[in-house]
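**Student:** Just run-v1.cif, nothing more (mmCIF, C-alpha atoms):
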```cif
data_start
loop_
_atom_site.label_atom_id
_atom_site.label_comp_id
_atom_site.auth_asym_id
_atom_site.auth_seq_id
_atom_site.Cartn_x
_atom_site.Cartn_y
_atom_site.Cartn_z
CA MET V 26 -58.41 37.78 -19.63
CA SER V 27 -60.28 41.09 -19.55
CA SER V 28 -59.16 44.21 -21.35
CA SER V 29 -57.46 45.47 -18.19
CA PHE V 30 -54.70 42.88 -18.56
CA SER V 31 -51.47 44.84 -18.62
CA GLY V 32 -48.85 42.12 -18.78
CA ASP V 33 -46.56 43.77 -16.23
CA GLU V 34 -46.12 40.55 -14.30
CA THR V 35 -44.16 39.08 -17.21
CA ALA V 36 -41.85 42.10 -17.43
CA PRO V 37 -39.12 40.43 -15.29
CA PHE V 38 -38.80 37.78 -18.02
CA PHE V 39 -37.45 40.35 -20.46
CA GLY V 40 -35.40 42.07 -17.76
CA PHE V 41 -33.64 38.91 -16.66
CA LEU V 42 -33.09 37.88 -20.27
CA GLY V 43 -31.41 41.25 -20.80
CA ALA V 44 -29.00 40.54 -17.95
CA ALA V 45 -28.38 37.08 -19.40
CA ALA V 46 -27.73 38.49 -22.86
CA ALA V 47 -25.28 41.05 -21.48
CA LEU V 48 -23.16 38.45 -19.73
CA VAL V 49 -23.42 35.55 -22.18
CA PHE V 50 -22.58 37.49 -25.33
CA SER V 51 -19.77 39.43 -23.64
CA CYS V 52 -18.32 36.15 -22.41
CA MET V 53 -18.56 34.73 -25.92
CA GLY V 54 -16.57 37.70 -27.22
CA ALA V 55 -14.05 37.45 -24.41
CA ALA V 56 -13.63 33.71 -24.98
CA TYR V 57 -13.12 34.17 -28.72
CA GLY V 58 -10.57 36.94 -28.16
CA THR V 59 -8.68 35.00 -25.50
CA ALA V 60 -8.60 31.75 -27.47
CA LYS V 61 -7.68 33.23 -30.84
CA SER V 62 -4.91 35.49 -29.57
CA GLY V 63 -3.73 32.81 -27.12
CA VAL V 64 -3.15 30.40 -29.99
CA GLY V 65 -1.18 33.13 -31.78
CA VAL V 66 0.94 33.78 -28.70
CA ALA V 67 1.67 30.07 -28.23
CA SER V 68 2.66 29.62 -31.87
CA MET V 69 4.82 32.74 -31.81
CA GLY V 70 6.41 31.80 -28.49
CA VAL V 71 8.05 28.71 -29.91
CA MET V 72 10.33 30.91 -32.02
CA ARG V 73 10.62 33.96 -29.71
CA PRO V 74 9.96 32.96 -26.08
CA GLU V 75 11.13 36.32 -24.73
CA LEU V 76 8.22 38.12 -26.44
CA VAL V 77 5.44 36.04 -24.86
CA MET V 78 4.87 38.16 -21.76
CA LYS V 79 4.69 41.33 -23.84
CA SER V 80 2.19 39.70 -26.20
CA ILE V 81 -0.34 38.89 -23.48
CA VAL V 82 -1.86 42.38 -24.01
CA PRO V 83 -4.63 41.17 -26.43
CA VAL V 84 -5.59 38.46 -23.93
CA VAL V 85 -5.96 41.01 -21.11
CA MET V 86 -8.02 43.30 -23.33
CA ALA V 87 -10.32 40.43 -24.22
CA GLY V 88 -10.73 39.53 -20.56
CA VAL V 89 -11.88 43.06 -19.78
CA LEU V 90 -14.88 42.48 -22.07
CA GLY V 91 -16.14 39.81 -19.69
CA ILE V 92 -15.95 42.34 -16.86
CA TYR V 93 -18.05 44.83 -18.86
CA GLY V 94 -20.74 42.18 -19.28
CA LEU V 95 -20.54 41.27 -15.59
CA ILE V 96 -21.05 44.91 -14.53
CA ILE V 97 -24.09 45.41 -16.76
CA ALA V 98 -25.62 42.05 -15.80
CA VAL V 99 -25.32 42.80 -12.08
CA ILE V 100 -26.71 46.34 -12.51
CA ILE V 101 -29.70 45.03 -14.50
CA SER V 102 -30.50 42.09 -12.26
CA THR V 103 -30.37 44.12 -9.05
CA GLY V 104 -32.58 46.75 -10.71
CA ILE V 105 -35.43 44.26 -11.13
CA ASN V 106 -37.10 44.67 -7.76
CA PRO V 107 -40.87 45.12 -7.97
CA LYS V 108 -41.10 45.55 -4.20
CA ALA V 109 -38.87 48.65 -4.21
CA LYS V 110 -40.06 50.22 -7.46
CA SER V 111 -42.86 49.02 -9.74
CA TYR V 112 -41.51 47.22 -12.76
CA TYR V 113 -43.51 47.80 -15.91
CA LEU V 114 -43.18 46.20 -19.31
CA PHE V 115 -41.33 49.36 -20.37
CA ASP V 116 -38.60 48.67 -17.82
CA GLY V 117 -38.40 45.05 -18.94
CA TYR V 118 -37.96 45.95 -22.57
CA ALA V 119 -35.45 48.68 -21.68
CA HIS V 120 -33.34 46.24 -19.70
CA LEU V 121 -33.53 43.70 -22.52
CA SER V 122 -32.34 46.25 -25.05
CA SER V 123 -29.48 47.56 -22.92
CA GLY V 124 -28.37 44.02 -22.11
CA LEU V 125 -28.41 43.06 -25.77
CA ALA V 126 -26.59 46.28 -26.71
CA CYS V 127 -23.78 45.70 -24.26
CA GLY V 128 -23.59 41.97 -24.95
CA LEU V 129 -23.49 42.12 -28.72
CA ALA V 130 -21.04 45.03 -28.61
CA GLY V 131 -18.81 42.90 -26.40
CA LEU V 132 -19.15 39.94 -28.77
CA SER V 133 -18.11 42.03 -31.75
CA ALA V 134 -15.23 43.66 -29.88
CA GLY V 135 -14.03 40.26 -28.74
CA MET V 136 -14.00 38.92 -32.28
CA ALA V 137 -12.06 41.95 -33.46
CA ILE V 138 -9.56 41.73 -30.60
CA GLY V 139 -9.05 38.03 -31.23
CA ILE V 140 -8.31 38.27 -34.91
CA VAL V 141 -6.18 41.42 -34.60
CA GLY V 142 -4.34 40.03 -31.59
CA ASP V 143 -3.56 36.77 -33.38
CA ALA V 144 -2.20 38.52 -36.47
CA GLY V 145 -0.51 41.21 -34.41
CA VAL V 146 1.50 38.98 -32.08
CA ARG V 147 2.67 36.81 -34.95
CA ALA V 148 3.75 39.87 -36.92
CA ASN V 149 5.35 41.48 -33.87
CA ALA V 150 7.62 38.45 -33.49
CA GLN V 151 9.04 39.10 -36.94
CA GLN V 152 9.02 42.92 -36.93
CA PRO V 153 9.29 44.48 -33.44
CA LYS V 154 8.32 47.97 -34.66
CA LEU V 155 4.75 46.73 -35.15
CA PHE V 156 4.01 46.50 -31.43
CA VAL V 157 2.67 50.05 -31.03
CA GLY V 158 0.56 49.70 -34.17
CA MET V 159 -0.98 46.49 -32.86
CA ILE V 160 -1.82 48.19 -29.54
CA LEU V 161 -3.47 51.10 -31.36
CA ILE V 162 -5.68 48.78 -33.41
CA LEU V 163 -6.58 46.80 -30.28
CA ILE V 164 -7.59 50.02 -28.49
CA PHE V 165 -9.94 50.89 -31.35
CA ALA V 166 -11.44 47.40 -31.13
CA GLU V 167 -11.87 47.73 -27.35
CA ALA V 168 -13.65 51.05 -27.90
CA LEU V 169 -16.44 49.14 -29.65
CA ALA V 170 -17.26 47.36 -26.41
CA LEU V 171 -17.06 50.66 -24.58
CA TYR V 172 -19.76 52.11 -26.87
CA GLY V 173 -22.11 49.36 -25.71
CA LEU V 174 -21.17 49.84 -22.06
CA ILE V 175 -21.53 53.63 -22.12
CA SER V 176 -24.91 53.49 -23.86
CA LYS V 177 -26.18 52.17 -20.55
CA PHE V 178 -24.74 55.21 -18.81
CA LYS V 179 -25.59 58.68 -20.01
CA PHE V 180 -23.35 61.25 -21.58
CA ASP V 181 -24.95 64.19 -19.84
CA HIS V 182 -22.02 65.73 -18.03
CA LEU V 183 -19.89 68.59 -19.23
CA GLU V 184 -16.60 66.90 -18.44
CA ASN V 185 -17.45 63.97 -20.72
CA GLY V 186 -17.95 66.22 -23.72
CA CYS V 187 -14.78 68.19 -23.01
CA CYS V 188 -12.76 65.01 -22.57
CA THR V 189 -14.05 63.56 -25.82
CA ALA V 190 -13.24 66.73 -27.77
CA PHE V 191 -9.79 67.00 -26.22
CA LEU V 192 -9.15 63.34 -26.94
CA TRP V 193 -9.85 63.80 -30.62
CA TRP V 194 -7.36 66.69 -30.76
CA LEU V 195 -4.75 64.65 -28.91
CA LEU V 196 -5.11 61.72 -31.26
CA CYS V 197 -4.69 64.02 -34.27
CA THR V 198 -1.48 65.50 -32.94
CA ASP V 199 -0.28 62.02 -31.99
CA CYS V 200 0.52 61.17 -35.61
CA ARG V 201 2.64 64.29 -36.06
CA ILE V 202 4.73 63.63 -32.97
CA ARG V 203 5.16 60.00 -33.92
CA LYS V 204 6.51 60.98 -37.35
CA GLY V 205 9.08 63.14 -35.58
CA PHE V 206 10.26 60.12 -33.62
CA LEU V 207 10.53 57.84 -36.60
CA ALA V 208 12.41 60.47 -38.61
CA ASP V 209 15.12 60.55 -35.95
CA ASN V 210 15.20 56.74 -35.72
CA LYS V 211 14.20 56.82 -32.08
CA GLY V 212 11.87 54.29 -30.58
CA CYS V 213 8.53 55.57 -29.30
CA ASP V 214 7.49 52.69 -27.08
CA ALA V 215 7.33 53.03 -23.30
CA PHE V 216 10.80 51.59 -22.64
CA HIS V 217 12.63 53.97 -24.93
CA LEU V 218 10.57 56.92 -23.78
CA SER V 219 11.21 56.35 -20.10
CA THR V 220 14.95 55.80 -20.54
CA ALA V 221 15.24 58.91 -22.73
CA VAL V 222 13.37 61.07 -20.27
CA LEU V 223 15.23 59.78 -17.26
CA CYS V 224 18.69 59.97 -18.85
CA ARG V 225 18.66 62.91 -21.21
CA TYR V 226 15.58 65.12 -20.50
CA ASN V 227 15.01 65.43 -24.21
CA SER V 228 12.03 67.70 -24.72
CA LEU V 229 10.35 65.68 -27.46
CA GLU V 230 10.18 62.52 -25.38
CA LEU V 231 8.94 64.45 -22.35
CA LEU V 232 6.22 66.05 -24.46
CA TYR V 233 5.18 62.68 -25.80
CA LEU V 234 4.99 61.21 -22.31
CA PHE V 235 2.69 64.02 -21.20
CA HIS V 236 0.71 63.47 -24.39
CA LEU V 237 0.20 59.77 -23.59
CA PHE V 238 -0.75 60.64 -20.01
CA ALA V 239 -3.38 63.11 -21.26
CA VAL V 240 -4.77 60.50 -23.66
CA GLY V 241 -5.06 58.06 -20.79
CA LEU V 242 -6.88 60.61 -18.62
CA CYS V 243 -9.32 61.56 -21.38
CA VAL V 244 -10.13 57.93 -22.07
CA LEU V 245 -10.63 57.08 -18.42
CA ILE V 246 -12.51 60.14 -17.08
CA PRO V 247 -15.84 59.81 -19.02
CA PRO V 248 -16.59 56.18 -18.18
CA ILE V 249 -15.45 56.56 -14.56
CA SER V 250 -17.53 59.70 -13.95
CA SER V 251 -20.58 58.21 -15.68
CA PHE V 252 -20.09 55.04 -13.68
CA TYR V 253 -19.90 56.94 -10.39
CA ALA V 254 -22.96 59.02 -11.30
CA THR V 255 -24.97 55.89 -12.03
CA ILE V 256 -23.78 54.10 -8.91
CA LEU V 257 -24.57 57.13 -6.73
CA ARG V 258 -28.01 57.35 -8.28
CA TYR V 259 -28.69 53.73 -7.36
CA ILE V 260 -27.38 54.07 -3.85
CA PHE V 261 -29.26 57.27 -2.97
CA MET K 25 -57.65 48.07 -26.05
CA ALA K 26 -57.49 50.48 -23.12
CA GLY K 27 -54.78 48.47 -21.36
CA SER K 28 -51.62 47.35 -23.16
CA THR K 29 -52.31 44.07 -24.91
CA SER K 30 -48.86 42.68 -25.56
CA SER K 31 -49.29 39.25 -27.07
CA TRP K 32 -45.94 38.06 -25.67
CA SER K 33 -47.21 38.68 -22.16
CA ARG K 34 -50.50 36.94 -22.81
CA ALA K 35 -48.64 33.84 -23.95
CA LEU K 36 -45.99 33.96 -21.22
CA VAL K 37 -48.42 34.34 -18.35
CA GLN K 38 -50.06 31.03 -19.24
CA ILE K 39 -46.80 29.09 -18.74
CA SER K 40 -46.15 27.78 -15.26
CA PRO K 41 -43.11 29.28 -13.55
CA TYR K 42 -41.99 25.77 -12.70
CA THR K 43 -41.50 25.09 -16.41
CA PHE K 44 -39.05 27.95 -16.67
CA ALA K 45 -37.35 26.99 -13.41
CA ALA K 46 -36.88 23.37 -14.40
CA ILE K 47 -35.54 24.25 -17.85
CA GLY K 48 -33.18 26.78 -16.26
CA ILE K 49 -31.73 24.25 -13.86
CA ALA K 50 -31.31 21.72 -16.66
CA ILE K 51 -29.51 24.23 -18.87
CA ALA K 52 -27.26 25.28 -15.98
CA ILE K 53 -25.82 21.84 -15.58
CA GLY K 54 -26.28 20.40 -19.04
CA VAL K 55 -24.70 23.15 -21.10
CA SER K 56 -21.88 23.67 -18.55
CA VAL K 57 -20.94 20.01 -18.79
CA LEU K 58 -21.12 20.26 -22.59
CA GLY K 59 -18.62 23.11 -22.45
CA ALA K 60 -16.33 21.17 -20.15
CA ALA K 61 -16.45 18.13 -22.40
CA TRP K 62 -15.76 20.19 -25.49
CA GLY K 63 -12.71 21.73 -23.81
CA ILE K 64 -11.44 18.41 -22.53
CA TYR K 65 -11.54 16.74 -25.93
CA ILE K 66 -9.81 19.68 -27.62
CA THR K 67 -7.05 19.73 -25.00
CA GLY K 68 -6.77 16.00 -24.54
CA SER K 69 -6.36 15.09 -28.17
CA SER K 70 -3.62 17.71 -28.68
CA LEU K 71 -1.91 16.70 -25.46
CA ILE K 72 -1.77 13.02 -26.39
CA GLY K 73 -0.59 13.76 -29.90
CA ALA K 74 2.14 16.13 -28.72
CA ALA K 75 3.29 13.67 -26.07
CA ILE K 76 4.30 11.11 -28.66
CA LYS K 77 7.62 12.85 -29.20
CA ALA K 78 7.78 14.59 -25.81
CA PRO K 79 6.34 12.30 -23.13
CA ARG K 80 7.56 14.61 -20.35
CA ILE K 81 4.66 17.02 -20.95
CA THR K 82 1.82 14.70 -19.94
CA SER K 83 1.78 15.15 -16.18
CA LYS K 84 2.24 18.94 -16.23
CA ASN K 85 -0.37 19.58 -18.92
CA LEU K 86 -3.08 17.65 -17.12
CA ILE K 87 -3.73 20.95 -15.39
CA SER K 88 -5.40 22.21 -18.56
CA VAL K 89 -7.80 19.28 -18.38
CA ILE K 90 -8.48 20.13 -14.73
CA PHE K 91 -9.30 23.75 -15.65
CA CYS K 92 -11.93 22.44 -18.08
CA GLU K 93 -13.31 20.07 -15.47
CA ALA K 94 -13.70 22.96 -13.03
CA VAL K 95 -16.14 24.50 -15.47
CA ALA K 96 -18.41 21.47 -15.14
CA ILE K 97 -18.19 21.68 -11.37
CA TYR K 98 -19.30 25.33 -11.48
CA GLY K 99 -22.40 24.17 -13.36
CA VAL K 100 -23.14 21.45 -10.81
CA ILE K 101 -22.78 23.86 -7.90
CA VAL K 102 -25.10 26.46 -9.38
CA ALA K 103 -27.65 23.83 -10.39
CA ILE K 104 -27.75 22.53 -6.82
CA ILE K 105 -28.12 26.08 -5.47
CA LEU K 106 -30.96 26.83 -7.89
CA GLN K 107 -32.69 23.56 -7.08
CA THR K 108 -32.73 24.42 -3.38
CA LYS K 109 -34.49 27.68 -4.28
CA LEU K 110 -37.48 25.79 -5.69
CA GLU K 111 -40.45 25.91 -3.35
CA SER K 112 -43.86 24.39 -3.72
CA VAL K 113 -46.63 26.99 -3.73
CA PRO K 114 -50.37 26.24 -3.82
CA SER K 115 -51.97 26.56 -7.24
CA SER K 116 -53.95 29.62 -6.13
CA VAL K 117 -50.79 31.70 -6.12
CA MET K 118 -48.86 29.82 -8.78
CA TYR K 119 -49.45 32.55 -11.39
CA ALA K 120 -49.00 35.46 -8.98
CA PRO K 121 -46.45 38.07 -10.16
CA GLU K 122 -43.96 37.08 -7.46
CA ALA K 123 -44.07 33.43 -8.45
CA LEU K 124 -43.68 34.26 -12.13
CA ARG K 125 -40.69 36.46 -11.33
CA ALA K 126 -39.06 33.67 -9.33
CA GLY K 127 -39.49 31.26 -12.24
CA TYR K 128 -38.00 33.73 -14.72
CA ALA K 129 -35.05 34.44 -12.40
CA ILE K 130 -34.16 30.75 -12.11
CA PHE K 131 -34.45 30.41 -15.90
CA ALA K 132 -32.19 33.38 -16.62
CA SER K 133 -29.70 32.33 -13.95
CA GLY K 134 -29.48 28.88 -15.52
CA ILE K 135 -28.95 30.32 -19.00
CA ILE K 136 -26.22 32.66 -17.75
CA VAL K 137 -24.27 29.95 -15.96
CA GLY K 138 -24.74 27.37 -18.71
CA PHE K 139 -23.68 29.43 -21.67
CA ALA K 140 -20.89 31.31 -19.86
CA ASN K 141 -19.41 27.96 -18.85
CA LEU K 142 -19.88 26.64 -22.39
CA VAL K 143 -17.74 29.35 -23.95
CA CYS K 144 -15.28 29.27 -21.07
CA GLY K 145 -14.78 25.53 -21.50
CA ILE K 146 -14.16 25.85 -25.25
CA CYS K 147 -11.76 28.77 -24.69
CA VAL K 148 -9.75 26.97 -22.02
CA GLY K 149 -9.67 23.86 -24.21
CA ILE K 150 -8.26 25.69 -27.21
CA ILE K 151 -5.61 27.45 -25.14
CA GLY K 152 -4.78 24.22 -23.32
CA SER K 153 -4.12 22.49 -26.60
CA SER K 154 -1.80 25.33 -27.71
CA CYS K 155 -0.12 25.13 -24.31
CA ALA K 156 0.60 21.42 -24.76
CA LEU K 157 1.87 21.85 -28.29
CA SER K 158 4.20 24.74 -27.41
CA ASP K 159 5.36 23.05 -24.21
CA ALA K 160 6.44 20.06 -26.30
CA GLN K 161 8.74 22.31 -28.29
CA ASN K 162 10.03 24.62 -25.55
CA SER K 163 9.41 23.82 -21.92
CA SER K 164 9.84 27.40 -20.72
CA LEU K 165 6.59 28.31 -22.46
CA PHE K 166 4.33 26.23 -20.23
CA VAL K 167 3.96 28.72 -17.39
CA LYS K 168 3.55 31.67 -19.76
CA ILE K 169 0.70 30.10 -21.72
CA LEU K 170 -0.85 28.97 -18.44
CA VAL K 171 -1.29 32.66 -17.56
CA ILE K 172 -3.47 33.04 -20.66
CA GLU K 173 -5.45 29.97 -19.62
CA ILE K 174 -6.15 31.54 -16.23
CA PHE K 175 -7.61 34.60 -17.97
CA GLY K 176 -9.83 32.25 -19.93
CA SER K 177 -11.10 30.36 -16.91
CA ALA K 178 -12.17 33.61 -15.25
CA LEU K 179 -15.09 33.78 -17.71
CA GLY K 180 -16.80 30.80 -16.09
CA LEU K 181 -16.42 32.51 -12.72
CA PHE K 182 -18.16 35.63 -14.06
CA GLY K 183 -21.13 33.48 -15.02
CA VAL K 184 -21.26 31.82 -11.60
CA ILE K 185 -21.08 35.18 -9.82
CA VAL K 186 -23.97 36.67 -11.78
CA GLY K 187 -26.00 33.46 -11.49
CA ILE K 188 -25.63 33.42 -7.72
CA ILE K 189 -26.41 37.15 -7.38
CA MET K 190 -29.54 36.64 -9.45
CA SER K 191 -30.58 33.60 -7.44
CA GLY K 192 -30.36 35.64 -4.24
CA GLN K 193 -33.51 37.53 -5.14
CA ILE K 194 -35.68 34.49 -5.79
CA THR K 195 -38.64 34.60 -3.41
CA TRP K 196 -41.82 32.63 -3.86
CA PRO K 197 -45.14 33.97 -2.48
CA SER K 198 -45.92 32.65 0.97
CA ASN K 199 -48.67 30.07 1.29
CA ALA K 200 -50.92 32.39 3.26
CA ALA K 201 -51.37 34.61 0.22
#
```
Represent the structure contained in this file as structure tokens.

**Tutor:**
Amino acid sequence: MSSSFSGDETAPFFGFLGAAAALVFSCMGAAYGTAKSGVGVASMGVMRPELVMKSIVPVVMAGVLGIYGLIIAVIISTGINPKAKSYYLFDGYAHLSSGLACGLAGLSAGMAIGIVGDAGVRANAQQPKLFVGMILILIFAEALALYGLISKFKFDHLENGCCTAFLWWLLCTDCRIRKGFLADNKGCDAFHLSTAVLCRYNSLELLYLFHLFAVGLCVLIPPISSFYATILRYIF
Amino acid sequence: MAGSTSSWSRALVQISPYTFAAIGIAIAIGVSVLGAAWGIYITGSSLIGAAIKAPRITSKNLISVIFCEAVAIYGVIVAIILQTKLESVPSSVMYAPEALRAGYAIFASGIIVGFANLVCGICVGIIGSSCALSDAQNSSLFVKILVIEIFGSALGLFGVIVGIIMSGQITWPSNAA
């Protein structure tokens, strides 16, 4: 081999391995989360069968991790097309690193969701007030996988920064509103909130519903807009 | 020194793409079947043990064993698809970039399908065993835990989808080149 050997023909090896890493590790995390929390749900369901359907939330959140890995793997593997755009070693290594980032983030999130889901559903069967706390912890664990997914997309839009800042403020005020609920011995889960708003138009419950809606919007807007930007860039 | 002299590439370019392709196909089917077997023995042993005191659960809970078996069938299907993508090229173009890329794609596709089915099989097996044990105590729980098992079996499908998408772009250089 002369000194002009550039090695670019082996770049697809690293690219395809990146796609493989993204899917395989995310599936490992999803499988761990599903199995561990599923065992907890089955054990808990023997004593409290009516709570089983409500406790499937950790399983659904673990399943979403597999979808993250699927998205990244498909985006990477369809991006390896030397006929359309020349594929250098740089691109191969970049795809390997983004696949590993997403995959290992999904693996870690899946492990967290599994262990928290298992403990959470068993505890929820004995103490129903713990349901919202379990959901909060699961959301933080799911965010770990989202860090890996979003590192593939770029945070270079104004609305993403605004949403993130607003979300932090909302989460800080969340604790204060929640303390107000607990002080009055009212429930702050979705069932109690919706019945209170529909029957009594109490202002605190209405405010909290808007608060939850804003949290949902702020969580969903950045990934969706980054996703659309990336998809549009690939199509055009 | 003027061009990039990555030692990984120098080693990789000496390996025939057919090596990678053959190993990929073997992993696709071998590791998938390993995952299915792992799931079946986890589910089956719990099912038989729980059925000692509750024999009514055996016929219904065989569906957990069938979910694990489906994982092995996914591996067989993808291995057959990958094997039909193998083409014989003359040795003059065997180390051309397109041929190398085809070999790497089959390898990665096989790894994806194999290991995704491995973890899916283990997951479905563990949940199937919990399903049998809880069904033995309370028969209303069977359908509810089955919903969790369906979430688990979707993971094998993700692997098959990505493996087939990746295998769609496998093209070997034509003989004229």

**Student:** Mind listing as a ChimeraX atom specification which residues of chain K are within 8 Å of chain V, counting all atoms listed in the file?

**Tutor:** /K:25-30,33-34,36-37,120-122,124-125,128-129,132-133,135-136,139-140,143-144,146-148,150-151,154-155,158,161-162,164-165,168-169,172,175-176,179,182-183,186,189-190

**Student:** For the residues selected in the previous step, produce a file with C-alpha atoms as a short mmCIF file (atom, residue, chain, number, x, y, z; two decimals), keeping the file's coordinate frame.

**Tutor:**
```cif
data_model
loop_
_atom_site.label_atom_id
_atom_site.label_comp_id
_atom_site.auth_asym_id
_atom_site.auth_seq_id
_atom_site.Cartn_x
_atom_site.Cartn_y
_atom_site.Cartn_z
CA MET K 25 -57.65 48.07 -26.05
CA ALA K 26 -57.49 50.48 -23.12
CA GLY K 27 -54.78 48.47 -21.36
CA SER K 28 -51.62 47.35 -23.16
CA THR K 29 -52.31 44.07 -24.91
CA SER K 30 -48.86 42.68 -25.56
CA SER K 33 -47.21 38.68 -22.16
CA ARG K 34 -50.50 36.94 -22.81
CA LEU K 36 -45.99 33.96 -21.22
CA VAL K 37 -48.42 34.34 -18.35
CA ALA K 120 -49.00 35.46 -8.98
CA PRO K 121 -46.45 38.07 -10.16
CA GLU K 122 -43.96 37.08 -7.46
CA LEU K 124 -43.68 34.26 -12.13
CA ARG K 125 -40.69 36.46 -11.33
CA TYR K 128 -38.00 33.73 -14.72
CA ALA K 129 -35.05 34.44 -12.40
CA ALA K 132 -32.19 33.38 -16.62
CA SER K 133 -29.70 32.33 -13.95
CA ILE K 135 -28.95 30.32 -19.00
CA ILE K 136 -26.22 32.66 -17.75
CA PHE K 139 -23.68 29.43 -21.67
CA ALA K 140 -20.89 31.31 -19.86
CA VAL K 143 -17.74 29.35 -23.95
CA CYS K 144 -15.28 29.27 -21.07
CA ILE K 146 -14.16 25.85 -25.25
CA CYS K 147 -11.76 28.77 -24.69
CA VAL K 148 -9.75 26.97 -22.02
CA ILE K 150 -8.26 25.69 -27.21
CA ILE K 151 -5.61 27.45 -25.14
CA SER K 154 -1.80 25.33 -27.71
CA CYS K 155 -0.12 25.13 -24.31
CA SER K 158 4.20 24.74 -27.41
CA GLN K 161 8.74 22.31 -28.29
CA ASN K 162 10.03 24.62 -25.55
CA SER K 164 9.84 27.40 -20.72
CA LEU K 165 6.59 28.31 -22.46
CA LYS K 168 3.55 31.67 -19.76
CA ILE K 169 0.70 30.10 -21.72
CA ILE K 172 -3.47 33.04 -20.66
CA PHE K 175 -7.61 34.60 -17.97
CA GLY K 176 -9.83 32.25 -19.93
CA LEU K 179 -15.09 33.78 -17.71
CA PHE K 182 -18.16 35.63 -14.06
CA GLY K 183 -21.13 33.48 -15.02
CA VAL K 186 -23.97 36.67 -11.78
CA ILE K 189 -26.41 37.15 -7.38
CA MET K 190 -29.54 36.64 -9.45
#
```

**Student:** Could you tell me which of K:Gly187, K:Gly152, K:Gly192, K:Gly134 comes closest to Ala45 in chain K if we count only C-alpha atoms?

**Tutor:**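 The shortest atom-to-atom distance to Ala45 in chain K comes from K:Gly134.
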
**Student:** Could you name the residues that touch Leu86 in chain K at 12 Å or less, counting only C-alpha atoms, but leaving out those on the same chain fewer than 6 positions away, as a list in words?

**Tutor:**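 Listing them by chain and then by number gives Ile64, Thr67, Gly68, Ser69, Ser70, Leu71, Ile72, Ala75, Arg80, Cys92, Glu93, Gly149, Gly152, Ser153, Cys155, Ala156, Phe166 and Leu170 of chain K.
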
**Student:** Of the residues V:Ala239, V:Leu76, V:Cys127, V:Leu245, which is the one nearest to Tyr172 in chain V, using only C-alpha atoms?

**Tutor:** V:Cys127

**Student:** Around (-43.7, 36.1, 1.1), as given in the file, which residues come within 12 Å? Count all atoms listed in the file and list them as JSON, numbers by chain.

**Tutor:** {"V": [108], "K": [111, 113, 117, 120, 121, 122, 123, 126, 194, 195, 196, 197, 198, 199, 200, 201]}

**Student:** Given the file above and the PyMOL selection byres ((chain K and resi 42) around 10), which residues are selected, and can you give them as a list in words?

**Tutor:** Ile39, Ser40, Pro41, Thr43, Phe44, Ala45, Ala46, Ile47, Gly48, Leu110, Glu111, Ser112, Met118, Ala123, Leu124, Ala126, Gly127, Tyr128, Ile130 and Phe131 of chain K

**Student:** Just how far from CA of Gln38 in chain K is CA of Ala126 in chain V, in Å to one decimal?

**Tutor:**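 It comes out at 29.0 Å.
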
**Student:** For the PyMOL selection byres ((chain V and resi 174) around 10), applied here, can you spell out every residue it catches as a JSON list (two decimals) with C-alpha atoms, in the coordinates of the input?

**Tutor:**
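result-v9.json, freshly written:
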```json
[["chain", "number", "residue", "atom", "x", "y", "z"],
["V", 47, "ALA", "CA", -25.28, 41.05, -21.48],
["V", 90, "LEU", "CA", -14.88, 42.48, -22.07],
["V", 93, "TYR", "CA", -18.05, 44.83, -18.86],
["V", 94, "GLY", "CA", -20.74, 42.18, -19.28],
["V", 96, "ILE", "CA", -21.05, 44.91, -14.53],
["V", 97, "ILE", "CA", -24.09, 45.41, -16.76],
["V", 123, "SER", "CA", -29.48, 47.56, -22.92],
["V", 124, "GLY", "CA", -28.37, 44.02, -22.11],
["V", 126, "ALA", "CA", -26.59, 46.28, -26.71],
["V", 127, "CYS", "CA", -23.78, 45.70, -24.26],
["V", 128, "GLY", "CA", -23.59, 41.97, -24.95],
["V", 130, "ALA", "CA", -21.04, 45.03, -28.61],
["V", 131, "GLY", "CA", -18.81, 42.90, -26.40],
["V", 168, "ALA", "CA", -13.65, 51.05, -27.90],
["V", 169, "LEU", "CA", -16.44, 49.14, -29.65],
["V", 170, "ALA", "CA", -17.26, 47.36, -26.41],
["V", 171, "LEU", "CA", -17.06, 50.66, -24.58],
["V", 172, "TYR", "CA", -19.76, 52.11, -26.87],
["V", 173, "GLY", "CA", -22.11, 49.36, -25.71],
["V", 175, "ILE", "CA", -21.53, 53.63, -22.12],
["V", 176, "SER", "CA", -24.91, 53.49, -23.86],
["V", 177, "LYS", "CA", -26.18, 52.17, -20.55],
["V", 178, "PHE", "CA", -24.74, 55.21, -18.81],
["V", 248, "PRO", "CA", -16.59, 56.18, -18.18],
["V", 252, "PHE", "CA", -20.09, 55.04, -13.68]]
```

**Student:** Taking into account only C-alpha atoms, which residue in the set K:Val184, K:Ile66, K:Ile51, K:Ala178 is nearest to Ser88 in chain K?

**Tutor:**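 Under the stated criterion, the closest residue is K:Ile66.
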